[in-house]
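Pasting data.pdb here (PDB, C-alpha atoms):
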```pdb
ATOM      1  CA  LEU A 199      85.279  41.114 -17.083  1.00  0.00           C
ATOM      2  CA  ILE A 200      88.544  41.762 -18.891  1.00  0.00           C
ATOM      3  CA  ILE A 201      88.744  45.532 -18.893  1.00  0.00           C
ATOM      4  CA  ALA A 202      88.570  45.692 -15.088  1.00  0.00           C
ATOM      5  CA  TYR A 203      91.932  43.908 -14.694  1.00  0.00           C
ATOM      6  CA  PRO A 204      94.576  46.259 -13.244  1.00  0.00           C
ATOM      7  CA  PHE A 205      97.368  44.979 -15.512  1.00  0.00           C
ATOM      8  CA  PRO A 206      97.786  44.569 -19.276  1.00  0.00           C
ATOM      9  CA  MET A 207      96.595  41.216 -20.573  1.00  0.00           C
ATOM     10  CA  HIS A 208      96.968  39.368 -23.850  1.00  0.00           C
ATOM     11  CA  ILE A 209      93.521  38.541 -25.220  1.00  0.00           C
ATOM     12  CA  CYS A 210      92.784  36.301 -28.198  1.00  0.00           C
ATOM     13  CA  VAL A 211      89.613  37.325 -30.055  1.00  0.00           C
ATOM     14  CA  PRO A 212      88.334  34.806 -32.618  1.00  0.00           C
ATOM     15  CA  GLY A 213      86.016  36.827 -34.850  1.00  0.00           C
ATOM     16  CA  GLY A 214      88.093  39.907 -34.093  1.00  0.00           C
ATOM     17  CA  ALA A 215      87.382  41.540 -37.453  1.00  0.00           C
ATOM     18  CA  GLY A 216      83.623  41.122 -37.124  1.00  0.00           C
ATOM     19  CA  PHE A 217      81.115  43.682 -35.900  1.00  0.00           C
ATOM     20  CA  ILE A 218      81.288  43.006 -32.157  1.00  0.00           C
ATOM     21  CA  GLY A 219      84.846  41.670 -32.341  1.00  0.00           C
ATOM     22  CA  GLY A 220      86.222  44.767 -34.043  1.00  0.00           C
ATOM     23  CA  HIS A 221      84.728  47.038 -31.396  1.00  0.00           C
ATOM     24  CA  LEU A 222      86.053  44.792 -28.626  1.00  0.00           C
ATOM     25  CA  CYS A 223      89.570  44.697 -30.090  1.00  0.00           C
ATOM     26  CA  ARG A 224      89.655  48.471 -30.325  1.00  0.00           C
ATOM     27  CA  ARG A 225      88.445  48.864 -26.717  1.00  0.00           C
ATOM     28  CA  LEU A 226      90.948  46.350 -25.359  1.00  0.00           C
ATOM     29  CA  LEU A 227      93.793  48.041 -27.208  1.00  0.00           C
ATOM     30  CA  ASN A 228      92.692  51.481 -26.021  1.00  0.00           C
ATOM     31  CA  ASP A 229      92.775  50.128 -22.467  1.00  0.00           C
ATOM     32  CA  GLY A 230      96.380  48.995 -22.877  1.00  0.00           C
ATOM     33  CA  HIS A 231      95.948  45.269 -23.526  1.00  0.00           C
ATOM     34  CA  ARG A 232      97.553  43.177 -26.268  1.00  0.00           C
ATOM     35  CA  VAL A 233      95.201  41.539 -28.761  1.00  0.00           C
ATOM     36  CA  THR A 234      95.551  38.663 -31.179  1.00  0.00           C
ATOM     37  CA  ALA A 235      92.522  38.557 -33.471  1.00  0.00           C
ATOM     38  CA  ILE A 236      91.580  35.510 -35.532  1.00  0.00           C
ATOM     39  CA  ASP A 237      89.306  35.927 -38.545  1.00  0.00           C
ATOM     40  CA  ASN A 238      88.761  34.201 -41.884  1.00  0.00           C
ATOM     41  CA  PHE A 239      86.917  37.174 -43.435  1.00  0.00           C
ATOM     42  CA  ASP A 240      83.948  35.017 -44.381  1.00  0.00           C
ATOM     43  CA  PRO A 241      82.232  36.606 -47.397  1.00  0.00           C
ATOM     44  CA  CYS A 242      78.831  36.896 -45.687  1.00  0.00           C
ATOM     45  CA  TYR A 243      79.444  40.634 -46.002  1.00  0.00           C
ATOM     46  CA  ARG A 244      82.116  42.847 -47.509  1.00  0.00           C
ATOM     47  CA  ARG A 245      85.680  42.364 -46.331  1.00  0.00           C
ATOM     48  CA  THR A 246      86.211  46.132 -46.382  1.00  0.00           C
ATOM     49  CA  MET A 247      83.549  46.531 -43.684  1.00  0.00           C
ATOM     50  CA  ARG A 248      85.479  44.170 -41.418  1.00  0.00           C
ATOM     51  CA  GLU A 249      88.807  45.798 -42.168  1.00  0.00           C
ATOM     52  CA  GLU A 250      87.384  49.177 -41.135  1.00  0.00           C
ATOM     53  CA  GLY A 251      86.810  47.814 -37.638  1.00  0.00           C
ATOM     54  CA  ILE A 252      90.486  47.058 -37.055  1.00  0.00           C
ATOM     55  CA  GLU A 253      92.200  49.743 -39.107  1.00  0.00           C
ATOM     56  CA  ASP A 254      94.279  52.348 -37.301  1.00  0.00           C
ATOM     57  CA  VAL A 255      94.684  50.213 -34.169  1.00  0.00           C
ATOM     58  CA  PRO A 256      98.054  50.207 -32.350  1.00  0.00           C
ATOM     59  CA  ARG A 257      99.903  47.605 -34.451  1.00  0.00           C
ATOM     60  CA  GLU A 258     102.639  47.101 -31.872  1.00  0.00           C
ATOM     61  CA  ARG A 259     100.055  45.413 -29.611  1.00  0.00           C
ATOM     62  CA  PHE A 260      97.781  43.917 -32.274  1.00  0.00           C
ATOM     63  CA  THR A 261      98.202  40.784 -34.383  1.00  0.00           C
ATOM     64  CA  LEU A 262      95.742  39.457 -36.955  1.00  0.00           C
ATOM     65  CA  ILE A 263      95.773  35.758 -37.817  1.00  0.00           C
ATOM     66  CA  GLU A 264      93.754  35.091 -40.949  1.00  0.00           C
ATOM     67  CA  THR A 265      92.522  31.503 -40.707  1.00  0.00           C
ATOM     68  CA  ASN A 266      89.424  29.442 -40.064  1.00  0.00           C
ATOM     69  CA  ILE A 267      88.668  28.747 -36.392  1.00  0.00           C
ATOM     70  CA  CYS A 268      88.131  25.078 -37.269  1.00  0.00           C
ATOM     71  CA  ASN A 269      91.843  24.833 -38.141  1.00  0.00           C
ATOM     72  CA  THR A 270      92.927  23.860 -34.631  1.00  0.00           C
ATOM     73  CA  ASP A 271      96.507  22.967 -35.573  1.00  0.00           C
ATOM     74  CA  ALA A 272      97.152  26.301 -37.308  1.00  0.00           C
ATOM     75  CA  ILE A 273      95.786  28.244 -34.338  1.00  0.00           C
ATOM     76  CA  LEU A 274      97.797  26.196 -31.839  1.00  0.00           C
ATOM     77  CA  HIS A 275     100.934  26.847 -33.895  1.00  0.00           C
ATOM     78  CA  ALA A 276     100.209  30.593 -34.163  1.00  0.00           C
ATOM     79  CA  LEU A 277      99.438  31.059 -30.457  1.00  0.00           C
ATOM     80  CA  HIS A 278     101.941  28.614 -28.979  1.00  0.00           C
ATOM     81  CA  ALA A 279     104.566  31.186 -28.004  1.00  0.00           C
ATOM     82  CA  ARG A 280     102.228  34.120 -27.372  1.00  0.00           C
ATOM     83  CA  SER A 281     101.285  33.612 -23.695  1.00  0.00           C
ATOM     84  CA  VAL A 282      97.555  34.339 -24.050  1.00  0.00           C
ATOM     85  CA  ASP A 283      95.601  35.129 -20.861  1.00  0.00           C
ATOM     86  CA  ALA A 284      92.028  34.733 -22.161  1.00  0.00           C
ATOM     87  CA  ILE A 285      89.992  33.880 -25.242  1.00  0.00           C
ATOM     88  CA  VAL A 286      86.908  35.933 -26.109  1.00  0.00           C
ATOM     89  CA  HIS A 287      85.277  33.712 -28.714  1.00  0.00           C
ATOM     90  CA  LEU A 288      83.076  35.825 -31.009  1.00  0.00           C
ATOM     91  CA  ALA A 289      83.585  33.962 -34.295  1.00  0.00           C
ATOM     92  CA  ALA A 290      80.380  32.485 -35.680  1.00  0.00           C
ATOM     93  CA  ARG A 291      78.044  32.344 -38.595  1.00  0.00           C
ATOM     94  CA  ALA A 292      75.301  34.680 -37.473  1.00  0.00           C
ATOM     95  CA  GLY A 293      71.615  35.053 -38.226  1.00  0.00           C
ATOM     96  CA  VAL A 294      68.523  33.042 -37.390  1.00  0.00           C
ATOM     97  CA  ARG A 295      67.056  32.646 -40.899  1.00  0.00           C
ATOM     98  CA  PRO A 296      69.988  31.633 -43.207  1.00  0.00           C
ATOM     99  CA  PRO A 297      70.912  28.387 -41.395  1.00  0.00           C
ATOM    100  CA  ILE A 298      67.472  26.953 -42.038  1.00  0.00           C
ATOM    101  CA  GLU A 299      68.607  26.556 -45.656  1.00  0.00           C
ATOM    102  CA  ALA A 300      72.280  25.738 -44.938  1.00  0.00           C
ATOM    103  CA  PRO A 301      72.423  24.129 -41.479  1.00  0.00           C
ATOM    104  CA  MET A 302      75.668  22.169 -41.990  1.00  0.00           C
ATOM    105  CA  ALA A 303      77.760  25.298 -42.590  1.00  0.00           C
ATOM    106  CA  TYR A 304      76.474  26.750 -39.322  1.00  0.00           C
ATOM    107  CA  GLU A 305      77.107  23.530 -37.433  1.00  0.00           C
ATOM    108  CA  GLU A 306      80.661  23.356 -38.745  1.00  0.00           C
ATOM    109  CA  THR A 307      81.561  26.906 -37.738  1.00  0.00           C
ATOM    110  CA  ASN A 308      79.461  27.483 -34.634  1.00  0.00           C
ATOM    111  CA  VAL A 309      79.842  24.053 -33.034  1.00  0.00           C
ATOM    112  CA  GLY A 310      83.038  22.701 -34.592  1.00  0.00           C
ATOM    113  CA  GLY A 311      84.778  26.061 -34.367  1.00  0.00           C
ATOM    114  CA  THR A 312      83.830  26.465 -30.715  1.00  0.00           C
ATOM    115  CA  GLN A 313      85.127  22.946 -29.983  1.00  0.00           C
ATOM    116  CA  SER A 314      88.361  23.925 -31.731  1.00  0.00           C
ATOM    117  CA  MET A 315      88.825  27.091 -29.670  1.00  0.00           C
ATOM    118  CA  LEU A 316      88.064  25.230 -26.432  1.00  0.00           C
ATOM    119  CA  GLU A 317      90.723  22.665 -27.357  1.00  0.00           C
ATOM    120  CA  VAL A 318      93.165  25.507 -28.002  1.00  0.00           C
ATOM    121  CA  ALA A 319      92.422  26.960 -24.557  1.00  0.00           C
ATOM    122  CA  GLN A 320      92.897  23.591 -22.863  1.00  0.00           C
ATOM    123  CA  GLU A 321      96.039  22.680 -24.796  1.00  0.00           C
ATOM    124  CA  LEU A 322      97.746  26.043 -24.169  1.00  0.00           C
ATOM    125  CA  GLY A 323      96.622  26.408 -20.558  1.00  0.00           C
ATOM    126  CA  ILE A 324      94.549  29.534 -21.232  1.00  0.00           C
ATOM    127  CA  GLY A 325      92.423  29.789 -18.088  1.00  0.00           C
ATOM    128  CA  THR A 326      89.543  32.044 -19.152  1.00  0.00           C
ATOM    129  CA  PHE A 327      87.105  31.486 -22.022  1.00  0.00           C
ATOM    130  CA  ILE A 328      84.353  34.000 -22.807  1.00  0.00           C
ATOM    131  CA  TYR A 329      81.807  32.741 -25.317  1.00  0.00           C
ATOM    132  CA  GLY A 330      79.561  34.928 -27.455  1.00  0.00           C
ATOM    133  CA  SER A 331      76.236  33.119 -27.358  1.00  0.00           C
ATOM    134  CA  SER A 332      72.783  34.427 -28.291  1.00  0.00           C
ATOM    135  CA  SER A 333      69.396  35.233 -26.799  1.00  0.00           C
ATOM    136  CA  SER A 334      67.996  32.795 -29.360  1.00  0.00           C
ATOM    137  CA  VAL A 335      68.922  29.931 -27.012  1.00  0.00           C
ATOM    138  CA  TYR A 336      65.802  30.788 -24.955  1.00  0.00           C
ATOM    139  CA  GLY A 337      63.682  29.379 -27.789  1.00  0.00           C
ATOM    140  CA  THR A 338      60.012  29.068 -26.901  1.00  0.00           C
ATOM    141  CA  ASN A 339      60.366  30.738 -23.498  1.00  0.00           C
ATOM    142  CA  ASP A 340      57.586  33.338 -23.221  1.00  0.00           C
ATOM    143  CA  THR A 341      58.385  34.637 -19.728  1.00  0.00           C
ATOM    144  CA  LEU A 342      59.412  38.288 -19.946  1.00  0.00           C
ATOM    145  CA  PRO A 343      61.867  39.689 -19.227  1.00  0.00           C
ATOM    146  CA  PHE A 344      64.253  36.775 -19.848  1.00  0.00           C
ATOM    147  CA  ALA A 345      66.521  35.775 -16.962  1.00  0.00           C
ATOM    148  CA  GLU A 346      69.808  33.869 -16.975  1.00  0.00           C
ATOM    149  CA  GLY A 347      68.196  30.995 -15.097  1.00  0.00           C
ATOM    150  CA  ASP A 348      65.354  30.544 -17.582  1.00  0.00           C
ATOM    151  CA  PRO A 349      65.231  27.192 -19.419  1.00  0.00           C
ATOM    152  CA  ALA A 350      67.240  27.060 -22.644  1.00  0.00           C
ATOM    153  CA  GLY A 351      66.536  23.503 -23.700  1.00  0.00           C
ATOM    154  CA  GLU A 352      64.155  24.045 -26.610  1.00  0.00           C
ATOM    155  CA  PRO A 353      65.847  26.065 -29.369  1.00  0.00           C
ATOM    156  CA  ILE A 354      63.588  26.656 -32.370  1.00  0.00           C
ATOM    157  CA  SER A 355      66.173  27.330 -35.098  1.00  0.00           C
ATOM    158  CA  PRO A 356      69.391  25.626 -36.239  1.00  0.00           C
ATOM    159  CA  TYR A 357      71.296  28.792 -35.293  1.00  0.00           C
ATOM    160  CA  ALA A 358      69.943  28.719 -31.733  1.00  0.00           C
ATOM    161  CA  ALA A 359      70.790  25.038 -31.460  1.00  0.00           C
ATOM    162  CA  THR A 360      74.398  25.715 -32.491  1.00  0.00           C
ATOM    163  CA  LYS A 361      74.776  28.509 -29.930  1.00  0.00           C
ATOM    164  CA  ARG A 362      73.299  26.371 -27.153  1.00  0.00           C
ATOM    165  CA  SER A 363      75.632  23.556 -28.211  1.00  0.00           C
ATOM    166  CA  GLY A 364      78.551  25.960 -27.801  1.00  0.00           C
ATOM    167  CA  GLU A 365      77.420  26.790 -24.274  1.00  0.00           C
ATOM    168  CA  LEU A 366      77.202  23.095 -23.402  1.00  0.00           C
ATOM    169  CA  LEU A 367      80.651  22.418 -24.847  1.00  0.00           C
ATOM    170  CA  ALA A 368      82.071  25.289 -22.782  1.00  0.00           C
ATOM    171  CA  HIS A 369      80.432  23.854 -19.656  1.00  0.00           C
ATOM    172  CA  THR A 370      81.969  20.460 -20.438  1.00  0.00           C
ATOM    173  CA  PHE A 371      85.465  21.961 -20.634  1.00  0.00           C
ATOM    174  CA  HIS A 372      84.832  23.786 -17.358  1.00  0.00           C
ATOM    175  CA  HIS A 373      83.819  20.503 -15.745  1.00  0.00           C
ATOM    176  CA  LEU A 374      86.668  18.422 -17.177  1.00  0.00           C
ATOM    177  CA  TYR A 375      89.561  20.884 -17.091  1.00  0.00           C
ATOM    178  CA  GLY A 376      88.572  23.687 -14.697  1.00  0.00           C
ATOM    179  CA  LEU A 377      88.390  26.253 -17.505  1.00  0.00           C
ATOM    180  CA  THR A 378      86.774  29.467 -16.298  1.00  0.00           C
ATOM    181  CA  VAL A 379      83.852  30.062 -18.647  1.00  0.00           C
ATOM    182  CA  HIS A 380      81.490  33.000 -19.172  1.00  0.00           C
ATOM    183  CA  CYS A 381      78.705  32.751 -21.767  1.00  0.00           C
ATOM    184  CA  LEU A 382      77.243  36.059 -22.956  1.00  0.00           C
ATOM    185  CA  ARG A 383      73.768  35.759 -24.491  1.00  0.00           C
ATOM    186  CA  PHE A 384      73.636  38.765 -26.787  1.00  0.00           C
ATOM    187  CA  PHE A 385      70.265  40.151 -27.789  1.00  0.00           C
ATOM    188  CA  THR A 386      70.011  42.597 -30.729  1.00  0.00           C
ATOM    189  CA  VAL A 387      73.402  44.263 -30.893  1.00  0.00           C
ATOM    190  CA  TYR A 388      73.553  47.340 -33.114  1.00  0.00           C
ATOM    191  CA  GLY A 389      75.857  50.223 -33.921  1.00  0.00           C
ATOM    192  CA  PRO A 390      78.526  51.372 -36.365  1.00  0.00           C
ATOM    193  CA  ARG A 391      79.653  48.674 -38.831  1.00  0.00           C
ATOM    194  CA  GLN A 392      76.796  46.350 -37.913  1.00  0.00           C
ATOM    195  CA  ARG A 393      75.847  43.546 -40.275  1.00  0.00           C
ATOM    196  CA  PRO A 394      74.141  45.053 -43.319  1.00  0.00           C
ATOM    197  CA  ASP A 395      71.247  42.574 -43.134  1.00  0.00           C
ATOM    198  CA  GLN A 396      70.224  43.902 -39.724  1.00  0.00           C
ATOM    199  CA  ALA A 397      67.761  46.746 -39.109  1.00  0.00           C
TER     200      ALA A 397
END
```
Turn the structure described in the file into structure tokens.
Amino acid sequence: LIIAYPFPMHICVPGGAGFIGGHLCRRLLNDGHRVTAIDNFDPCYRRTMREEGIEDVPRERFTLIETNICNTDAILHALHARSVDAIVHLAARAGVRPPIEAPMAYEETNVGGTQSMLEVAQELGIGTFIYGSSSSVYGTNDTLPFAEGDPAGEPISPYAATKRSGELLAHTFHHLYGLTVHCLRFFTVYGPRQRPDQA
């Protein structure tokens, strides 16, 4: 959606030092865009792994803001004068199994953090919001292959519930403020610098 634009854009990538975010930042920069990444370097896996994803990128077009996405005021202050065209929100606590034992931490980051980034988009007049959701939102659906129009109302894990909540929040901001929203339901993403707990 972004890379096809014929002119350089300024993209904010919450989660920009993560696995998917680091690859996206590098691609956007290689295509001539400016990138502001936001990441708190959560210790769910080694910081050095995240830093590898954004090392050696063109620093004249790349800014890293190290803060928590729930810190709305800090993000508003950091982005206020930056003229951002779109937010690609990839920051989240990931994994289906861990939140069963620590659901509040996942709710805070995945739901509260998404609310925060949507508020940033609305407050700063950023017109496009791309949200990294998950195939887990399909829950008990047993129709294969999955389709975008399949029901997603019965998540079966706290993680899935937080990602579906993020989708619903994004829809609410689209309805109330006209924010252009795209929700990407990732399945099993793999490749260099993937999370070490994955296959």
Next on the checklist: Excluding Pro256 (chain A) and its own-chain neighbours fewer than 4 positions away, which residues fall within 10 Å of it when counting all atoms listed in the file? Please give them as a VMD selection string.
Outcome noted: chain A and resid 224 227 to 228 230 232 to 233 252 260 to 261
Keeping C-alpha atoms for every residue in the selection just given, could you write it to a file as a tab-separated table (two decimals), in the coordinates of the input?
```tsv
chain	number	residue	atom	x	y	z
A	224	ARG	CA	89.66	48.47	-30.32
A	227	LEU	CA	93.79	48.04	-27.21
A	228	ASN	CA	92.69	51.48	-26.02
A	230	GLY	CA	96.38	49.00	-22.88
A	232	ARG	CA	97.55	43.18	-26.27
A	233	VAL	CA	95.20	41.54	-28.76
A	252	ILE	CA	90.49	47.06	-37.06
A	260	PHE	CA	97.78	43.92	-32.27
A	261	THR	CA	98.20	40.78	-34.38
```
Checklist entry - Could you spell out the hits of the PyMOL selection byres ((chain A and resi 376) around 12) on the shown file, as an NGL selection string? => result :A and (316 or 319-320 or 323-327 or 368-375 or 377-379)
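Distances from A:Arg291, A:Arg259, A:His208, A:His275 to Asp240 (chain A) were compared using all atoms listed in the file, and the smallest one belongs to A:Arg291.
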Next on the checklist: With all atoms listed in the file as the counted atoms, please give the residues lying no more than 9 Å from Gly364 (chain A), apart from itself and same-chain residues fewer than 4 positions off, as a PyMOL selection string.
Outcome noted: chain A and resi 308-310+312-313+329+331+359-360+368-369
Item to check | Of the listed residues A:Leu274, A:Ile267, A:Leu342, A:Ile328, that which approaches Gly311 (chain A) most closely, counting all atoms listed in the file | outcome: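 Closest to Gly311 (chain A) of all the choices is A:Ile267.
Rounded to one decimal, CA of Tyr388 (chain A) and CA of Val282 (chain A) lie 28.8 Å from each other.
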Checklist entry - Do you know which residues lie at most 10 Å from (65.5, 27.5, -36.9), with coordinates as in the file and all atoms listed in the file counted, and could you write them as a PyMOL selection string? => result chain A and resi 293-299+301+334+337+353-359
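Matched in the shown structure by the PyMOL selection byres ((chain A and resi 239) around 9): Gly213, Ala215, Gly216, Asp237, Asn238, Asp240, Pro241, Cys242, Tyr243, Arg244, Arg245, Arg248, Glu249, Glu264, Thr265 and Asn266 of chain A.
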Item to check | Residues matched by the PyMOL selection byres ((chain A and resi 387) around 12), written as a ChimeraX atom specification | outcome: /A:217-219,221,292-293,330,332-333,383-386,388-393,396-397
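The interatomic distance for the pair CA of Leu382 (chain A) and CA of Ala284 (chain A) works out to 14.9 Å.
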Checklist entry - What does the distance from CA of Asn339 (chain A) to CA of Leu367 (chain A) come to in Å, to one decimal? => result 22.0 Å
Checklist entry - Smallest atom-to-atom distance to Glu306 (chain A): which of A:Leu262, A:Ala272, A:Leu226, A:Ala289, using only C-alpha atoms? => result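 Ranking A:Leu262, A:Ala272, A:Leu226, A:Ala289 by distance to Glu306 (chain A), first place goes to A:Ala289.
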Could I get region 270-290 of chain A rebuilt with N, CA and C atoms, written as a short mmCIF file (atom, residue, chain, number, x, y, z; two decimals), in the coordinates of the input?
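Saved file result_20.cif follows:
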```
data_model
loop_
_atom_site.label_atom_id
_atom_site.label_comp_id
_atom_site.auth_asym_id
_atom_site.auth_seq_id
_atom_site.Cartn_x
_atom_site.Cartn_y
_atom_site.Cartn_z
N THR A 270 92.35 23.89 -35.97
CA THR A 270 92.93 23.86 -34.63
C THR A 270 94.45 23.87 -34.67
N ASP A 271 95.04 23.07 -35.53
CA ASP A 271 96.51 22.97 -35.57
C ASP A 271 97.16 24.30 -35.94
N ALA A 272 96.58 25.01 -36.91
CA ALA A 272 97.15 26.30 -37.31
C ALA A 272 97.06 27.31 -36.17
N ILE A 273 95.95 27.29 -35.45
CA ILE A 273 95.79 28.24 -34.34
C ILE A 273 96.73 27.90 -33.20
N LEU A 274 96.85 26.61 -32.88
CA LEU A 274 97.80 26.20 -31.84
C LEU A 274 99.21 26.65 -32.19
N HIS A 275 99.59 26.45 -33.45
CA HIS A 275 100.93 26.85 -33.90
C HIS A 275 101.12 28.36 -33.78
N ALA A 276 100.10 29.13 -34.18
CA ALA A 276 100.21 30.59 -34.16
C ALA A 276 100.25 31.16 -32.75
N LEU A 277 99.54 30.52 -31.82
CA LEU A 277 99.44 31.06 -30.46
C LEU A 277 100.43 30.45 -29.48
N HIS A 278 101.15 29.41 -29.92
CA HIS A 278 101.94 28.61 -28.98
C HIS A 278 102.90 29.45 -28.14
N ALA A 279 103.56 30.41 -28.73
CA ALA A 279 104.57 31.19 -28.00
C ALA A 279 104.06 32.56 -27.59
N ARG A 280 102.75 32.77 -27.59
CA ARG A 280 102.23 34.12 -27.37
C ARG A 280 101.74 34.39 -25.95
N SER A 281 101.69 33.41 -25.09
CA SER A 281 101.28 33.61 -23.70
C SER A 281 99.96 34.38 -23.58
N VAL A 282 98.89 33.74 -24.05
CA VAL A 282 97.56 34.34 -24.05
C VAL A 282 96.89 34.14 -22.69
N ASP A 283 96.26 35.19 -22.16
CA ASP A 283 95.60 35.13 -20.86
C ASP A 283 94.14 34.69 -20.95
N ALA A 284 93.46 35.04 -22.04
CA ALA A 284 92.03 34.73 -22.16
C ALA A 284 91.64 34.68 -23.63
N ILE A 285 90.59 33.91 -23.91
CA ILE A 285 89.99 33.88 -25.24
C ILE A 285 88.59 34.46 -25.13
N VAL A 286 88.28 35.42 -25.99
CA VAL A 286 86.91 35.93 -26.11
C VAL A 286 86.41 35.47 -27.48
N HIS A 287 85.65 34.40 -27.48
CA HIS A 287 85.28 33.71 -28.71
C HIS A 287 84.00 34.32 -29.31
N LEU A 288 84.19 35.15 -30.35
CA LEU A 288 83.08 35.83 -31.01
C LEU A 288 82.89 35.38 -32.45
N ALA A 289 83.69 34.42 -32.91
CA ALA A 289 83.58 33.96 -34.30
C ALA A 289 82.38 33.04 -34.44
N ALA A 290 81.55 33.32 -35.43
CA ALA A 290 80.38 32.48 -35.68
C ALA A 290 79.73 32.90 -36.99
#
```
